$ cat my_file_38.txt   # compact mmCIF, C-alpha atoms
# COMPACT_ATOMS: atom_id res chain seq x y z
CA VAL A 1 8.62 11.05 18.88
CA GLY A 2 6.64 9.41 21.67
CA SER A 3 3.51 7.51 20.69
CA ASP A 4 2.01 6.08 23.86
CA ALA A 5 0.19 9.14 25.20
CA MET A 6 -3.59 9.02 25.62
CA PRO A 7 -5.54 12.08 24.45
CA SER A 8 -6.95 14.29 27.16
CA ASN A 9 -10.63 15.15 27.35
CA SER A 10 -9.85 18.66 26.20
CA SER A 11 -8.14 17.33 23.07
CA SER A 12 -11.27 15.50 21.94
CA ASN A 13 -12.43 18.70 20.30
CA ASP A 14 -9.28 18.55 18.16
CA MET A 15 -10.04 15.05 16.85
CA ASP A 16 -8.85 14.62 13.29
CA ALA A 17 -11.73 13.60 11.04
CA VAL A 18 -9.47 11.53 8.78
CA ILE A 19 -7.89 9.47 11.58
CA GLY A 20 -11.12 9.22 13.59
CA ASN A 21 -12.01 8.62 17.24
CA GLY A 22 -9.73 6.80 19.64
CA ALA A 23 -6.42 8.01 18.23
CA MET A 24 -3.33 7.97 20.45
CA LEU A 25 -1.15 11.06 20.62
CA ILE A 26 2.24 11.43 18.96
CA GLU A 27 4.41 13.85 20.93
CA PRO A 28 7.86 15.23 19.97
CA THR A 29 10.70 14.06 22.22
CA ASN A 30 13.62 15.83 20.46
CA GLU A 31 14.10 19.51 21.19
CA PRO A 32 14.06 21.80 19.38
CA SER A 33 13.80 19.69 16.22
CA SER A 34 14.45 16.36 14.50
CA THR A 35 16.86 15.81 11.63
CA TYR A 36 16.95 14.10 8.23
CA ILE A 37 19.46 13.90 5.37
CA ASN A 38 19.08 15.28 1.84
CA SER A 39 21.52 16.36 -0.91
CA ARG A 40 22.53 19.41 1.15
CA GLY A 41 23.41 17.32 4.19
CA GLU A 42 21.69 17.16 7.55
CA GLN A 43 18.50 19.20 7.77
CA LYS A 44 16.29 20.07 10.73
CA VAL A 45 12.53 19.65 10.83
CA GLN A 46 10.10 20.66 13.54
CA ILE A 47 7.14 18.34 14.17
CA ASN A 48 4.35 19.64 16.36
CA GLY A 49 2.98 16.22 17.33
CA GLY A 50 0.17 14.23 15.75
CA GLY A 51 -1.91 11.12 16.28
CA TRP A 52 -2.24 7.48 15.27
CA LYS A 53 -4.60 4.53 15.49
CA ILE A 54 -5.05 1.05 14.03
CA ASP A 55 -8.36 0.09 12.43
CA LEU A 56 -8.95 -3.66 12.67
CA PRO A 57 -10.27 -5.48 9.59
CA GLN A 58 -13.80 -6.69 9.03
CA GLY A 59 -13.31 -10.06 7.42
CA SER A 60 -11.46 -13.35 7.32
CA LYS A 61 -8.13 -14.27 8.90
CA GLY A 62 -5.10 -12.82 7.21
CA TYR A 63 -6.84 -9.56 6.33
CA ALA A 64 -4.85 -6.36 6.85
CA SER A 65 -5.48 -3.90 9.63
CA THR A 66 -4.89 -0.24 8.71
CA LEU A 67 -2.28 1.89 10.45
CA LYS A 68 -3.33 5.56 10.26
CA MET A 69 -1.11 8.46 11.35
CA HIS A 70 -0.91 12.21 11.05
CA LEU A 71 1.98 14.54 11.81
CA ASP A 72 1.88 18.33 11.92
CA LEU A 73 4.96 19.65 10.12
CA CYS A 74 6.07 23.14 11.11
CA THR A 75 8.91 23.24 8.58
CA GLU A 76 9.19 22.14 4.97
CA LEU A 77 10.74 18.78 4.02
CA GLU A 78 12.78 18.41 0.84
CA ARG A 79 14.66 15.45 -0.63
CA ASN A 80 15.66 14.98 -4.28
CA ASP A 81 12.71 16.27 -6.35
CA VAL A 82 10.11 15.80 -3.59
CA THR A 83 9.01 18.70 -1.39
CA VAL A 84 6.53 18.41 1.48
CA SER A 85 5.16 21.72 2.71
CA ALA A 86 4.58 22.62 6.35
CA ASP A 87 1.09 21.20 6.78
CA ARG A 88 -0.64 18.14 8.21
CA LEU A 89 0.91 14.96 6.81
CA TYR A 90 -1.11 11.72 6.72
CA LEU A 91 0.36 8.24 6.45
CA PHE A 92 -1.68 5.08 5.85
CA ALA A 93 -0.32 1.53 5.63
CA PRO A 94 -1.61 -2.05 5.88
CA CYS A 95 -0.37 -3.95 8.92
CA TRP A 96 -0.72 -7.43 10.40
CA ARG A 97 0.01 -9.27 13.61
CA GLU A 98 2.60 -11.95 12.96
CA GLY A 99 0.08 -14.80 12.78
CA GLU A 100 -2.25 -12.87 10.47
CA TYR A 101 0.68 -11.86 8.29
CA GLN A 102 1.62 -15.50 7.71
CA ARG A 103 -2.02 -16.44 7.01
CA GLY A 104 -2.27 -13.58 4.54
CA LYS A 105 0.90 -14.65 2.75
CA MET A 106 -0.46 -18.19 2.45
CA ALA A 107 -3.78 -16.90 1.10
CA MET A 108 -1.94 -14.82 -1.54
CA GLU A 109 0.25 -17.65 -2.84
CA PRO A 110 -2.35 -19.46 -5.01
CA ILE A 111 -3.76 -16.14 -6.29
CA VAL A 112 -0.31 -14.94 -7.36
CA ALA A 113 0.54 -18.35 -8.85
CA ALA A 114 -2.68 -18.36 -10.92
CA ALA A 115 -1.98 -14.85 -12.25
CA LYS A 116 1.58 -15.76 -13.23
CA GLU A 117 0.48 -18.99 -14.88
CA ALA A 118 -2.19 -17.22 -16.95
CA GLN A 119 0.44 -14.74 -18.15
CA ARG A 120 2.88 -17.56 -18.93
CA VAL A 121 0.32 -19.47 -21.02
CA LEU A 122 -0.57 -16.34 -22.98
CA ASP A 123 3.08 -15.46 -23.63
CA GLU A 124 3.76 -19.03 -24.72
CA GLN A 125 0.97 -18.97 -27.30
CA LEU A 126 2.08 -15.57 -28.63
CA SER A 127 5.73 -16.57 -28.93
CA HIS A 128 7.17 -16.09 -32.45
CA GLU A 129 9.25 -19.24 -31.99
CA ASP A 130 7.01 -21.76 -30.23
CA GLY A 131 3.61 -20.07 -30.23
CA ASP A 132 0.36 -20.83 -32.01
CA ARG A 133 1.28 -21.10 -35.69
CA ARG A 134 -2.32 -20.45 -36.71
CA LEU A 135 -1.61 -16.79 -35.96
CA ASP A 136 0.74 -16.67 -38.97
CA GLY A 137 -2.32 -16.06 -41.17
CA THR A 138 -1.68 -18.76 -43.76
CA ASP A 139 -5.17 -20.21 -43.32
CA PRO A 140 -7.97 -17.64 -42.81
CA ILE A 141 -10.25 -20.02 -40.91
CA ASP A 142 -7.47 -21.22 -38.61
CA THR A 143 -6.41 -17.62 -38.03
CA VAL A 144 -9.93 -16.61 -36.95
CA LEU A 145 -10.08 -19.59 -34.59
CA ALA A 146 -6.67 -18.72 -33.20
CA TYR A 147 -7.72 -15.13 -32.47
CA LYS A 148 -10.78 -16.47 -30.69
CA ASP A 149 -8.59 -18.69 -28.51
CA MET A 150 -6.23 -15.77 -27.84
CA ALA A 151 -9.15 -13.61 -26.75
CA LYS A 152 -10.10 -16.26 -24.20
CA LEU A 153 -6.54 -16.41 -22.88
CA VAL A 154 -6.34 -12.61 -22.62
CA ALA A 155 -9.67 -12.51 -20.77
CA ASP A 156 -8.46 -15.19 -18.36
CA ARG A 157 -5.16 -13.34 -17.80
CA ASP A 158 -6.98 -10.08 -17.13
CA GLU A 159 -9.37 -11.73 -14.68
CA ARG A 160 -6.49 -13.36 -12.78
CA LYS A 161 -4.72 -9.99 -12.60
CA ARG A 162 -7.90 -8.34 -11.34
CA ARG A 163 -8.25 -10.95 -8.60
CA ARG A 164 -4.63 -10.39 -7.63
CA ARG A 165 -5.11 -6.62 -7.40
CA GLU A 166 -8.21 -7.08 -5.23
CA ALA A 167 -6.39 -9.55 -2.98
CA GLU A 168 -3.47 -7.13 -2.53
CA LYS A 169 -5.88 -4.70 -0.87
CA ILE A 170 -6.34 -7.08 2.07
CA TYR A 171 -3.40 -9.53 1.98
CA PRO A 172 0.37 -8.89 1.98
CA ARG A 173 1.79 -8.21 -1.49
CA ASP A 174 4.20 -10.93 -2.58
CA ASP A 175 6.72 -8.30 -3.77
CA ASP A 176 6.43 -6.09 -0.67
CA GLU A 177 9.27 -6.13 1.87
CA ALA A 178 7.33 -5.50 5.07
CA ILE A 179 8.83 -3.49 7.90
CA MET A 180 8.81 -5.45 11.15
CA GLY A 181 8.04 -3.92 14.52
CA ALA A 182 5.96 -4.68 17.61
CA TRP A 183 2.17 -4.58 17.83
CA PRO A 184 1.22 -1.64 20.08
CA GLY A 185 1.05 -2.58 23.75
CA THR A 186 2.65 -6.01 23.21
CA THR A 187 5.93 -7.65 22.22
CA GLU A 188 4.19 -9.55 19.42
CA PRO A 189 5.83 -8.96 16.01
CA MET A 190 3.95 -6.69 13.63
CA ALA A 191 4.43 -6.38 9.85
CA ILE A 192 3.80 -3.07 8.06
CA GLY A 193 3.41 -3.04 4.27
CA SER A 194 3.82 -0.25 1.73
CA GLY A 195 1.28 2.51 2.18
CA ALA A 196 0.32 5.99 1.02
CA VAL A 197 1.13 9.56 2.05
CA LEU A 198 -1.35 12.45 1.81
CA LEU A 199 -0.89 16.12 2.59
CA LYS A 200 -3.69 18.29 3.94
CA ARG A 201 -3.29 21.89 2.88
CA LYS A 202 -5.08 24.79 4.48
CA LYS A 203 -7.32 26.91 2.29
CA LEU A 204 -9.01 30.25 2.82
CA LEU A 205 -12.25 28.39 3.51
CA GLY A 206 -11.94 24.84 4.83
CA ALA A 207 -9.11 22.47 3.98
CA GLY A 208 -8.29 19.99 1.25
CA THR A 209 -6.33 16.75 1.15
CA LYS A 210 -4.17 15.79 -1.78
CA GLY A 211 -2.04 12.76 -2.63
$ encode --input "my_file_38.txt" --output "structure tokens"
Amino acid sequence: VGSDAMPSNSSSNDMDAVIGNGAMLIEPTNEPSSTYINSRGEQKVQINGGGWKIDLPQGSKGYASTLKMHLDLCTELERNDVTVSADRLYLFAPCWREGEYQRGKMAMEPIVAAAKEAQRVLDEQLSHEDGDRRLDGTDPIDTVLAYKDMAKLVADRDERKRRRREAEKIYPRDDDEAIMGAWPGTTEPMAIGSGAVLLKRKKLLGAGTKG
């Protein structure tokens, strides 16, 4: 597909409410169709164009921008046990310029380290071999005190995990292998993280979007 076309004035009436204003056009370049591979071999799929835009973040350095795309599928897609019907397909993914990607990775490092350390300390205390022996229950008072200490460790672990989950909404995930490309309109490297796919299905009245 081509992705550098500007929308015409007449196409403004066809603006997608999910993608929003200012979207660039995606236009098919392969005729009559594109191809993909599934268990039955090479399959053809017809894409009737779409649109894309990047929403810049509101926040500190290292925050993710959001790549938003939609494609209009004219034929069904099928691979393994996944089937995508011929409707409007939405794709959303976090993305960063190269400098922001590196800043985001640096910002994530201490958050990830703190979450892993909290889990390590908890596992160490719960270990049957080297853990807190008060949990054996031989002394009722010590056992109660041990459970109180364990509750604190669990609460700390859960809070560190929560902070990590929140940070992963804006910074690169430490376990995410980003796809590298070029930031639109430049030769500057761009990193794209794992995202989400939604399908908008037509109804008798209106339309609905499902994950």
$ closest_residue --input "my_file_38.txt" --among "A:Lys44, A:Lys53, A:Lys116, A:His70" --to "A:Lys200" --atoms "all atoms listed in the file"
A:His70
$ axis_aligned_box --input "my_file_38.txt" --around "stretch 46-52 of chain A" --padding-each-side "3 Å" --output "AutoDock Vina command-line options"
--center_x 3.9 --center_y 14.1 --center_z 15.4 --size_x 18.3 --size_y 19.2 --size_z 9.8
$ atom_distance --input "my_file_38.txt" --atom1 "atom CA of A:Lys61" --atom2 "atom CA of A:Leu198"
28.5 Å
$ residues_around --input "my_file_38.txt" --residues "stretch 183-188 of chain A" --least-positions-apart "5" --cutoff "12 Å" --atoms "only C-alpha atoms" --output "PyMOL selection string"
chain A and resi 3-5+24+52-54+65+67+95-101
$ closest_residue --input "my_file_38.txt" --among "A:Asp72, A:Ala64, A:Thr143, A:Ile170" --to "A:Met190" --atoms "only C-alpha atoms"
A:Ala64
$ closest_residue --input "my_file_38.txt" --among "A:Pro28, A:Gly181, A:Gly41, A:Gly62" --to "A:Met108" --atoms "all atoms listed in the file"
A:Gly62
$ residues_around --input "my_file_38.txt" --residues "A:Asp156" --least-positions-apart "6" --cutoff "10 Å" --atoms "only C-alpha atoms" --output "mmCIF file with C-alpha atoms, in the frame of the given file"
data_model
loop_
_atom_site.group_PDB
_atom_site.id
_atom_site.type_symbol
_atom_site.label_atom_id
_atom_site.label_comp_id
_atom_site.auth_asym_id
_atom_site.auth_seq_id
_atom_site.Cartn_x
_atom_site.Cartn_y
_atom_site.Cartn_z
ATOM 1 C CA ALA A 114 -2.680 -18.360 -10.920
ATOM 2 C CA ALA A 115 -1.980 -14.850 -12.250
ATOM 3 C CA ALA A 118 -2.190 -17.220 -16.950
ATOM 4 C CA GLN A 119 0.440 -14.740 -18.150
ATOM 5 C CA LEU A 122 -0.570 -16.340 -22.980
ATOM 6 C CA MET A 150 -6.230 -15.770 -27.840
ATOM 7 C CA ARG A 162 -7.900 -8.340 -11.340
#
$ closest_residue --input "my_file_38.txt" --among "A:Glu168, A:Thr75, A:Arg133, A:Gly193" --to "A:Met180" --atoms "only C-alpha atoms"
A:Gly193
$ closest_residue --input "my_file_38.txt" --among "A:Leu199, A:Arg40, A:Thr35, A:Val112" --to "A:Ala86" --atoms "all atoms listed in the file"
A:Leu199
$ residues_around --input "my_file_38.txt" --residues "A:Lys105" --least-positions-apart "2" --cutoff "10 Å" --atoms "all atoms listed in the file" --output "JSON, numbers by chain"
{"A": [62, 63, 100, 101, 102, 103, 107, 108, 109, 110, 171, 172, 173, 174]}
$ atom_distance --input "my_file_38.txt" --atom1 "atom CA of A:Val121" --atom2 "atom CA of A:Arg157"
8.8 Å
$ atom_distance --input "my_file_38.txt" --atom1 "atom CA of A:Lys169" --atom2 "atom CA of A:Gly104"
11.0 Å
$ residues_around --input "my_file_38.txt" --residues "A:Gly49" --least-positions-apart "2" --cutoff "9 Å" --atoms "only C-alpha atoms" --output "PyMOL selection string"
chain A and resi 1-2+25-28+47+51+70-73
$ closest_residue --input "my_file_38.txt" --among "A:Ile141, A:Leu91, A:Leu135, A:Ala178" --to "A:Val197" --atoms "all atoms listed in the file"
A:Leu91
$ residues_around --input "my_file_38.txt" --residues "A:Gly137" --least-positions-apart "6" --cutoff "12 Å" --atoms "all atoms listed in the file" --output "VMD selection string"
chain A and resid 143 to 147
$ decode --input "my_file_38.txt" --residues "stretch 146-171 of chain A" --atoms "N, CA, C and O atoms" --output "mmCIF file, in the first residue's frame"
data_model
loop_
_atom_site.group_PDB
_atom_site.id
_atom_site.type_symbol
_atom_site.label_atom_id
_atom_site.label_comp_id
_atom_site.auth_asym_id
_atom_site.auth_seq_id
_atom_site.Cartn_x
_atom_site.Cartn_y
_atom_site.Cartn_z
ATOM 1 N N ALA A 146 4.745 -13.347 61.464
ATOM 2 C CA ALA A 146 5.261 -13.677 60.142
ATOM 3 C C ALA A 146 4.228 -13.383 59.063
ATOM 4 O O ALA A 146 4.548 -12.833 58.002
ATOM 5 N N TYR A 147 2.962 -13.735 59.321
ATOM 6 C CA TYR A 147 1.902 -13.455 58.345
ATOM 7 C C TYR A 147 1.737 -11.951 58.146
ATOM 8 O O TYR A 147 1.451 -11.482 57.034
ATOM 9 N N LYS A 148 1.924 -11.196 59.213
ATOM 10 C CA LYS A 148 1.840 -9.744 59.097
ATOM 11 C C LYS A 148 2.953 -9.211 58.203
ATOM 12 O O LYS A 148 2.722 -8.353 57.336
ATOM 13 N N ASP A 149 4.159 -9.745 58.388
ATOM 14 C CA ASP A 149 5.282 -9.332 57.542
ATOM 15 C C ASP A 149 5.063 -9.743 56.091
ATOM 16 O O ASP A 149 5.389 -8.990 55.165
ATOM 17 N N MET A 150 4.507 -10.956 55.895
ATOM 18 C CA MET A 150 4.234 -11.420 54.537
ATOM 19 C C MET A 150 3.200 -10.532 53.847
ATOM 20 O O MET A 150 3.306 -10.243 52.657
ATOM 21 N N ALA A 151 2.211 -10.098 54.599
ATOM 22 C CA ALA A 151 1.182 -9.226 54.034
ATOM 23 C C ALA A 151 1.798 -7.919 53.532
ATOM 24 O O ALA A 151 1.405 -7.401 52.477
ATOM 25 N N LYS A 152 2.771 -7.404 54.288
ATOM 26 C CA LYS A 152 3.451 -6.184 53.865
ATOM 27 C C LYS A 152 4.244 -6.412 52.584
ATOM 28 O O LYS A 152 4.252 -5.571 51.681
ATOM 29 N N LEU A 153 4.917 -7.566 52.506
ATOM 30 C CA LEU A 153 5.698 -7.877 51.308
ATOM 31 C C LEU A 153 4.802 -8.065 50.089
ATOM 32 O O LEU A 153 5.137 -7.631 48.985
ATOM 33 N N VAL A 154 3.657 -8.722 50.283
ATOM 34 C CA VAL A 154 2.712 -8.914 49.185
ATOM 35 C C VAL A 154 2.170 -7.566 48.716
ATOM 36 O O VAL A 154 2.055 -7.310 47.506
ATOM 37 N N ALA A 155 1.842 -6.696 49.662
ATOM 38 C CA ALA A 155 1.323 -5.368 49.306
ATOM 39 C C ALA A 155 2.368 -4.573 48.536
ATOM 40 O O ALA A 155 2.043 -3.883 47.548
ATOM 41 N N ASP A 156 3.633 -4.670 48.965
ATOM 42 C CA ASP A 156 4.706 -3.963 48.258
ATOM 43 C C ASP A 156 4.897 -4.528 46.860
ATOM 44 O O ASP A 156 5.051 -3.777 45.895
ATOM 45 N N ARG A 157 4.870 -5.877 46.730
ATOM 46 C CA ARG A 157 4.993 -6.502 45.420
ATOM 47 C C ARG A 157 3.875 -6.066 44.476
ATOM 48 O O ARG A 157 4.110 -5.712 43.321
ATOM 49 N N ASP A 158 2.640 -6.061 45.002
ATOM 50 C CA ASP A 158 1.499 -5.674 44.177
ATOM 51 C C ASP A 158 1.579 -4.212 43.739
ATOM 52 O O ASP A 158 1.223 -3.869 42.607
ATOM 53 N N GLU A 159 2.051 -3.351 44.622
ATOM 54 C CA GLU A 159 2.180 -1.939 44.273
ATOM 55 C C GLU A 159 3.254 -1.737 43.213
ATOM 56 O O GLU A 159 3.079 -0.946 42.283
ATOM 57 N N ARG A 160 4.360 -2.467 43.331
ATOM 58 C CA ARG A 160 5.428 -2.361 42.325
ATOM 59 C C ARG A 160 4.942 -2.871 40.979
ATOM 60 O O ARG A 160 5.270 -2.297 39.931
ATOM 61 N N LYS A 161 4.151 -3.941 40.983
ATOM 62 C CA LYS A 161 3.593 -4.468 39.735
ATOM 63 C C LYS A 161 2.618 -3.470 39.115
ATOM 64 O O LYS A 161 2.579 -3.299 37.893
ATOM 65 N N ARG A 162 1.817 -2.826 39.974
ATOM 66 C CA ARG A 162 0.869 -1.831 39.472
ATOM 67 C C ARG A 162 1.606 -0.680 38.812
ATOM 68 O O ARG A 162 1.218 -0.222 37.721
ATOM 69 N N ARG A 163 2.675 -0.197 39.444
ATOM 70 C CA ARG A 163 3.455 0.889 38.867
ATOM 71 C C ARG A 163 4.071 0.477 37.532
ATOM 72 O O ARG A 163 4.151 1.278 36.597
ATOM 73 N N ARG A 164 4.498 -0.783 37.457
ATOM 74 C CA ARG A 164 5.070 -1.262 36.202
ATOM 75 C C ARG A 164 4.020 -1.287 35.096
ATOM 76 O O ARG A 164 4.290 -0.870 33.963
ATOM 77 N N ARG A 165 2.817 -1.784 35.420
ATOM 78 C CA ARG A 165 1.749 -1.829 34.422
ATOM 79 C C ARG A 165 1.397 -0.422 33.941
ATOM 80 O O ARG A 165 1.161 -0.207 32.741
ATOM 81 N N GLU A 166 1.323 0.530 34.851
ATOM 82 C CA GLU A 166 1.018 1.908 34.472
ATOM 83 C C GLU A 166 2.120 2.482 33.591
ATOM 84 O O GLU A 166 1.850 3.179 32.614
ATOM 85 N N ALA A 167 3.376 2.194 33.943
ATOM 86 C CA ALA A 167 4.498 2.720 33.162
ATOM 87 C C ALA A 167 4.522 2.126 31.754
ATOM 88 O O ALA A 167 4.912 2.801 30.790
ATOM 89 N N GLU A 168 4.093 0.863 31.619
ATOM 90 C CA GLU A 168 4.098 0.222 30.306
ATOM 91 C C GLU A 168 3.079 0.822 29.344
ATOM 92 O O GLU A 168 3.120 0.541 28.154
ATOM 93 N N LYS A 169 2.168 1.646 29.872
ATOM 94 C CA LYS A 169 1.215 2.332 29.000
ATOM 95 C C LYS A 169 1.851 3.505 28.277
ATOM 96 O O LYS A 169 1.307 3.980 27.268
ATOM 97 N N ILE A 170 2.979 4.007 28.781
ATOM 98 C CA ILE A 170 3.598 5.197 28.196
ATOM 99 C C ILE A 170 5.055 4.977 27.788
ATOM 100 O O ILE A 170 5.561 5.688 26.916
ATOM 101 N N TYR A 171 5.728 3.983 28.402
ATOM 102 C CA TYR A 171 7.122 3.698 28.087
ATOM 103 C C TYR A 171 7.226 2.355 27.367
ATOM 104 O O TYR A 171 6.323 1.529 27.436
#
